[in-house]
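These notes are about the structure you will find just below.
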Amino acid sequence: MEEKFPIFTEEMKKTHTILVPNMLPVHFSLIGSIMEQEGYKVHILDNEGPEIVDAGLKYVHNDMCYPAIIVIGQMIAALNSGKFDVDKTALLISQTGGGCRASNYLHLLRKALVKAGYPQVPVISINVSNLSPQPGFKLTPSLVFKAMTAVIVGDFIMMIKNQCEPYEKNSGDTQKVVDKWHDFFLKRWEKTGVTPFGKLKKYFRQMLCDFAEIPMDRSPRPRVGIVGEIFVKYAPVGNNHLEEFLVSEGAEVVVPGLLDFCLYCVYNSIVDHKLYGGSAVKTTGVKLVYRYLINMQNKMYAIVKDHGVFRAPLGFDDKKDLTEKYIGQGVKMGEGWLLTSEMAELIKEGVTNIVCTQPFGCLPNHIVAKGMENKIKAIHPEANIVAVDYDPGASKVNQQNRIKLMLANAKTPESKHEEVKPNIYTGKNINM
């Protein structure tokens, strides 16, 4: 007999709070604000601690991948906390819909809810494969467009923050600028809706000037890239606050933006058409979306380059071409060829020190990351790559010791910041 699970109805949109796991604090806070504009009640989870792992291991089989254990554990722990009315709470997760184990998260979470005593809690699945449609939550073109704007803003803030924080003379100065602009966009979007990209450009220029005014000591530091499975690459709760640890050890962190992963997902549909055929009409629409996002990314990076103080990474259009001598673009399970491409891009940009976050149970990640390490090092002998395993039984001390060993061999680039004079934005200051 087919199991029946609670559905998120249109009436629940008004009564239920949707709990969302937090992968990228700035990005997801902005996305949560956008969802509230669309009429949803949203709470971005920030709970951490051993109770998350304990809840995950209690209700998810320990042979499942580490991100599943952490995400489901975080949700169950939140319901156990007593902070939410479980009869008026829903959960939201994303789904790949492909061969990745993340396609099983929906069923795993529902089973965990029943075991934990919360069978009444509905689960909303965000996916493009029509998995478990929920009538009360609609992934409309408007919502997707607004969410992509939040991704662009989040990527911009993350990119510049990482280039400032290790060098700030006064601890906390960088975070103050991040908070200022994060709050600015939250308040503005609450009043006027999401800002069109044309208007975003002037805010980006002002933001660059705000970051450039932070007193800094530009003594050279080793730059360290972070790649890996998407959750443990970004989520502090998944990687034991890896970025903070690297900064505390005297490194500048370089993390590829979330927009690259979105573009990767869109571009894979184009690759599928080349390899396997399919609807030409659908592919034409996908190409239009791809070109739109590429155009937004290129304009964002052009603003950074024009300002002159901070570095802009390689655009996705160029990044995808780096895969040719490493791996085929038909390898697209999980992070697929993108993960290898990110390592190649970092090395090309002079970031030869790389931490590859490896969650337990993520087989595609191991193949396209750790499995490609020898090939990358054969082409780039200067590459200093360390693969760090993340799983419920992994020792945080052992993880940090492996990273410290990599840092002991890290190369420090010559600082070029002092040589550049910024093209200072002369427009009116933004009324915060």
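Labeling convention for the structure tokens: chains A, B, ... as they appear, residues from 1 per chain, ligands from 1 in order of appearance.
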Using only C-alpha atoms, which residues sit within 10 Å of segment 154-158 of chain A once same-chain residues fewer than 5 positions away are excluded, as a compact mmCIF listing (two decimals) with N, CA and C atoms, in the first residue's frame?
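Below is the file out.txt, written as the result:
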# COMPACT_ATOMS: atom_id res chain seq x y z
N LEU A 24 24.50 28.88 2.96
CA LEU A 24 25.29 30.11 2.80
C LEU A 24 24.55 31.22 3.54
N PRO A 25 25.08 31.68 4.68
CA PRO A 25 24.33 32.62 5.52
C PRO A 25 23.81 33.86 4.81
N VAL A 26 24.66 34.56 4.04
CA VAL A 26 24.21 35.78 3.36
C VAL A 26 23.21 35.45 2.26
N HIS A 27 23.56 34.49 1.41
CA HIS A 27 22.69 34.12 0.30
C HIS A 27 21.31 33.69 0.79
N PHE A 28 21.29 32.78 1.76
CA PHE A 28 20.02 32.19 2.17
C PHE A 28 19.16 33.18 2.96
N SER A 29 19.80 34.10 3.67
CA SER A 29 19.03 35.14 4.34
C SER A 29 18.30 36.00 3.32
N LEU A 30 18.98 36.34 2.22
CA LEU A 30 18.36 37.14 1.16
C LEU A 30 17.26 36.34 0.46
N ILE A 31 17.51 35.06 0.21
CA ILE A 31 16.50 34.22 -0.44
C ILE A 31 15.28 34.07 0.46
N MET A 148 17.63 34.26 -8.09
CA MET A 148 18.91 34.39 -8.79
C MET A 148 19.55 35.74 -8.53
N THR A 149 18.72 36.78 -8.37
CA THR A 149 19.25 38.09 -8.01
C THR A 149 19.91 38.02 -6.63
N GLN A 163 38.29 38.80 0.34
CA GLN A 163 39.53 39.49 -0.02
C GLN A 163 39.91 40.59 0.98
N VAL A 177 30.82 45.97 7.30
CA VAL A 177 30.42 46.36 5.94
C VAL A 177 29.48 45.31 5.36
N VAL A 178 29.78 44.03 5.59
CA VAL A 178 28.90 42.96 5.13
C VAL A 178 27.50 43.13 5.73
N ASP A 179 27.45 43.35 7.04
CA ASP A 179 26.15 43.52 7.72
C ASP A 179 25.41 44.74 7.20
N TRP A 181 25.46 46.14 4.21
CA TRP A 181 24.86 45.94 2.89
C TRP A 181 23.83 44.81 2.90
N HIS A 182 24.07 43.80 3.72
CA HIS A 182 23.09 42.74 3.87
C HIS A 182 21.77 43.32 4.37
N PHE A 204 26.71 47.97 -6.25
CA PHE A 204 27.96 47.21 -6.26
C PHE A 204 29.17 48.14 -6.22
N MET A 207 29.46 49.57 -2.81
CA MET A 207 29.90 48.52 -1.91
C MET A 207 31.41 48.31 -2.02
N LEU A 208 31.94 48.30 -3.23
CA LEU A 208 33.37 48.15 -3.44
C LEU A 208 34.15 49.26 -2.73
N PHE A 211 34.20 48.64 1.06
CA PHE A 211 35.18 47.62 1.42
C PHE A 211 36.61 48.15 1.26
N VAL A 254 39.49 31.62 -0.90
CA VAL A 254 38.90 31.85 -2.23
C VAL A 254 37.86 30.74 -2.46
N VAL A 255 36.58 31.15 -2.55
CA VAL A 255 35.50 30.18 -2.71
C VAL A 255 34.72 30.50 -3.98
N PRO A 256 34.58 29.54 -4.89
CA PRO A 256 33.76 29.79 -6.09
C PRO A 256 32.33 30.15 -5.71
N GLY A 257 31.71 31.01 -6.51
CA GLY A 257 30.37 31.49 -6.21
C GLY A 257 29.28 30.46 -6.48
N LEU A 258 28.15 30.66 -5.84
CA LEU A 258 27.00 29.76 -6.02
C LEU A 258 26.42 29.88 -7.43
N LEU A 259 26.57 31.04 -8.05
CA LEU A 259 26.05 31.22 -9.41
C LEU A 259 26.71 30.26 -10.38
N ASP A 260 28.00 29.94 -10.14
CA ASP A 260 28.68 28.97 -11.00
C ASP A 260 27.98 27.62 -10.97
N GLN A 297 26.64 37.69 -14.77
CA GLN A 297 27.91 37.39 -14.10
C GLN A 297 29.05 38.21 -14.70
N MET A 300 28.85 41.78 -13.52
CA MET A 300 29.27 41.89 -12.13
C MET A 300 30.79 41.89 -12.02
N TYR A 301 31.44 40.98 -12.72
CA TYR A 301 32.90 40.90 -12.66
C TYR A 301 33.55 42.12 -13.31
N VAL A 304 33.90 44.90 -10.84
CA VAL A 304 35.03 44.67 -9.92
C VAL A 304 36.34 45.05 -10.61
N ALA A 312 38.48 39.74 -9.63
CA ALA A 312 37.28 39.03 -10.09
C ALA A 312 37.72 37.68 -10.62
Where does segment 190-269 of chain A meet segment 279-290 of chain A within 7 Å, residue by residue, with the nearest atom pair and distance in Å to one decimal for each, counting only C-alpha atoms, listed by chain and rising number, as JSON lines?
{"residue": "A:Leu263", "atom": "CA", "partner": "A:Tyr290", "partner_atom": "CA", "distance": 6.6}
{"residue": "A:Val266", "atom": "CA", "partner": "A:Tyr290", "partner_atom": "CA", "distance": 6.3}
{"residue": "A:Tyr267", "atom": "CA", "partner": "A:Tyr290", "partner_atom": "CA", "distance": 6.7}
Original post:
Quick one: DSSP alpha helix (DSSP H) residues in segment 93-263 of chain A, as a VMD selection string?
Top reply: chain A and resid 105 to 116 141 to 164 173 to 192 197 to 212 230 to 234 242 to 248 258 to 263
Keeping only C-alpha atoms, write the selected residues to a file as a PDB file, in the first residue's frame.
ATOM      1  CA  TYR A 105      16.551  13.243   0.776  1.00  0.00           C
ATOM      2  CA  LEU A 106      12.799  13.685   0.434  1.00  0.00           C
ATOM      3  CA  HIS A 107      11.994  10.077   1.326  1.00  0.00           C
ATOM      4  CA  LEU A 108      14.709   9.949   4.004  1.00  0.00           C
ATOM      5  CA  LEU A 109      13.386  13.086   5.669  1.00  0.00           C
ATOM      6  CA  ARG A 110       9.798  11.867   5.617  1.00  0.00           C
ATOM      7  CA  LYS A 111      10.826   8.556   7.212  1.00  0.00           C
ATOM      8  CA  ALA A 112      12.852  10.441   9.832  1.00  0.00           C
ATOM      9  CA  LEU A 113       9.864  12.658  10.675  1.00  0.00           C
ATOM     10  CA  VAL A 114       7.641   9.629  11.252  1.00  0.00           C
ATOM     11  CA  LYS A 115      10.267   7.966  13.465  1.00  0.00           C
ATOM     12  CA  ALA A 116      10.827  11.182  15.423  1.00  0.00           C
ATOM     13  CA  PRO A 141       9.417  32.270 -12.807  1.00  0.00           C
ATOM     14  CA  SER A 142       9.152  35.412 -10.657  1.00  0.00           C
ATOM     15  CA  LEU A 143      10.438  33.598  -7.569  1.00  0.00           C
ATOM     16  CA  VAL A 144      13.284  31.985  -9.537  1.00  0.00           C
ATOM     17  CA  PHE A 145      14.317  35.329 -11.051  1.00  0.00           C
ATOM     18  CA  LYS A 146      14.303  37.020  -7.653  1.00  0.00           C
ATOM     19  CA  ALA A 147      16.237  34.140  -6.087  1.00  0.00           C
ATOM     20  CA  MET A 148      18.912  34.386  -8.791  1.00  0.00           C
ATOM     21  CA  THR A 149      19.252  38.095  -8.005  1.00  0.00           C
ATOM     22  CA  ALA A 150      19.857  37.129  -4.371  1.00  0.00           C
ATOM     23  CA  VAL A 151      22.480  34.611  -5.501  1.00  0.00           C
ATOM     24  CA  ILE A 152      24.290  37.315  -7.496  1.00  0.00           C
ATOM     25  CA  VAL A 153      24.249  39.740  -4.559  1.00  0.00           C
ATOM     26  CA  GLY A 154      25.366  36.988  -2.176  1.00  0.00           C
ATOM     27  CA  ASP A 155      28.231  35.974  -4.472  1.00  0.00           C
ATOM     28  CA  PHE A 156      29.367  39.585  -4.770  1.00  0.00           C
ATOM     29  CA  ILE A 157      29.421  40.148  -1.012  1.00  0.00           C
ATOM     30  CA  MET A 158      31.170  36.810  -0.371  1.00  0.00           C
ATOM     31  CA  MET A 159      33.803  37.455  -3.053  1.00  0.00           C
ATOM     32  CA  ILE A 160      34.843  40.862  -1.710  1.00  0.00           C
ATOM     33  CA  LYS A 161      34.526  39.914   1.963  1.00  0.00           C
ATOM     34  CA  ASN A 162      37.012  37.082   1.501  1.00  0.00           C
ATOM     35  CA  GLN A 163      39.531  39.492  -0.025  1.00  0.00           C
ATOM     36  CA  CYS A 164      39.271  41.890   2.934  1.00  0.00           C
ATOM     37  CA  ASP A 173      35.590  45.920  10.207  1.00  0.00           C
ATOM     38  CA  THR A 174      34.839  43.683   7.227  1.00  0.00           C
ATOM     39  CA  GLN A 175      31.843  42.074   8.898  1.00  0.00           C
ATOM     40  CA  LYS A 176      30.430  45.532   9.661  1.00  0.00           C
ATOM     41  CA  VAL A 177      30.418  46.358   5.941  1.00  0.00           C
ATOM     42  CA  VAL A 178      28.899  42.959   5.133  1.00  0.00           C
ATOM     43  CA  ASP A 179      26.153  43.517   7.717  1.00  0.00           C
ATOM     44  CA  LYS A 180      25.529  47.053   6.453  1.00  0.00           C
ATOM     45  CA  TRP A 181      24.861  45.936   2.888  1.00  0.00           C
ATOM     46  CA  HIS A 182      23.092  42.737   3.869  1.00  0.00           C
ATOM     47  CA  ASP A 183      20.647  44.784   5.973  1.00  0.00           C
ATOM     48  CA  PHE A 184      20.348  47.385   3.224  1.00  0.00           C
ATOM     49  CA  PHE A 185      19.150  44.830   0.683  1.00  0.00           C
ATOM     50  CA  LEU A 186      16.819  43.150   3.166  1.00  0.00           C
ATOM     51  CA  LYS A 187      15.134  46.472   4.014  1.00  0.00           C
ATOM     52  CA  ARG A 188      15.049  47.702   0.432  1.00  0.00           C
ATOM     53  CA  TRP A 189      13.582  44.488  -0.924  1.00  0.00           C
ATOM     54  CA  GLU A 190      10.990  44.457   1.849  1.00  0.00           C
ATOM     55  CA  LYS A 191       9.788  47.912   0.736  1.00  0.00           C
ATOM     56  CA  THR A 192      10.258  47.931  -3.032  1.00  0.00           C
ATOM     57  CA  PHE A 197      20.348  44.374 -12.123  1.00  0.00           C
ATOM     58  CA  GLY A 198      20.604  47.776 -13.784  1.00  0.00           C
ATOM     59  CA  LYS A 199      20.205  49.426 -10.382  1.00  0.00           C
ATOM     60  CA  LEU A 200      22.306  46.793  -8.638  1.00  0.00           C
ATOM     61  CA  LYS A 201      25.376  48.034 -10.492  1.00  0.00           C
ATOM     62  CA  LYS A 202      25.507  51.358  -8.649  1.00  0.00           C
ATOM     63  CA  TYR A 203      25.135  49.560  -5.337  1.00  0.00           C
ATOM     64  CA  PHE A 204      27.959  47.206  -6.262  1.00  0.00           C
ATOM     65  CA  ARG A 205      30.233  50.176  -7.000  1.00  0.00           C
ATOM     66  CA  GLN A 206      29.397  51.820  -3.681  1.00  0.00           C
ATOM     67  CA  MET A 207      29.899  48.520  -1.914  1.00  0.00           C
ATOM     68  CA  LEU A 208      33.373  48.148  -3.440  1.00  0.00           C
ATOM     69  CA  CYS A 209      34.300  51.596  -2.158  1.00  0.00           C
ATOM     70  CA  ASP A 210      33.044  50.752   1.331  1.00  0.00           C
ATOM     71  CA  PHE A 211      35.179  47.616   1.421  1.00  0.00           C
ATOM     72  CA  ALA A 212      38.188  49.461  -0.038  1.00  0.00           C
ATOM     73  CA  ILE A 230      28.254  21.861  -2.578  1.00  0.00           C
ATOM     74  CA  PHE A 231      26.973  21.553   0.997  1.00  0.00           C
ATOM     75  CA  VAL A 232      30.249  20.921   2.816  1.00  0.00           C
ATOM     76  CA  LYS A 233      32.022  23.423   0.557  1.00  0.00           C
ATOM     77  CA  TYR A 234      29.778  26.253   1.725  1.00  0.00           C
ATOM     78  CA  LEU A 242      36.424  25.863   7.527  1.00  0.00           C
ATOM     79  CA  GLU A 243      36.627  29.439   6.223  1.00  0.00           C
ATOM     80  CA  GLU A 244      36.978  30.875   9.728  1.00  0.00           C
ATOM     81  CA  PHE A 245      39.700  28.346  10.524  1.00  0.00           C
ATOM     82  CA  LEU A 246      41.696  29.186   7.394  1.00  0.00           C
ATOM     83  CA  VAL A 247      41.511  32.917   8.146  1.00  0.00           C
ATOM     84  CA  SER A 248      42.623  32.273  11.734  1.00  0.00           C
ATOM     85  CA  LEU A 258      27.003  29.758  -6.024  1.00  0.00           C
ATOM     86  CA  LEU A 259      26.050  31.224  -9.407  1.00  0.00           C
ATOM     87  CA  ASP A 260      28.682  28.971 -11.001  1.00  0.00           C
ATOM     88  CA  PHE A 261      26.851  25.910  -9.690  1.00  0.00           C
ATOM     89  CA  CYS A 262      23.528  27.279 -10.976  1.00  0.00           C
ATOM     90  CA  LEU A 263      25.095  27.882 -14.381  1.00  0.00           C
TER      91      LEU A 263
END
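Picture a line from atom CA of Asp217 of chain A to atom CA of Gly308 of chain A; it runs 17.5 Å.
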Subject >> Distance in Å - atom CA of Ser132 of chain A versus atom CA of Gly277 of chain A >> reply: 26.8 Å
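All residues within segment 218-354 of chain A that the backbone DSSP calculation assigns to strand (DSSP E) are Arg223, Val224, Gly225, Ile226, Val227, Gly228, Glu252, Val253, Val254, Asn353 and Ile354 of chain A.
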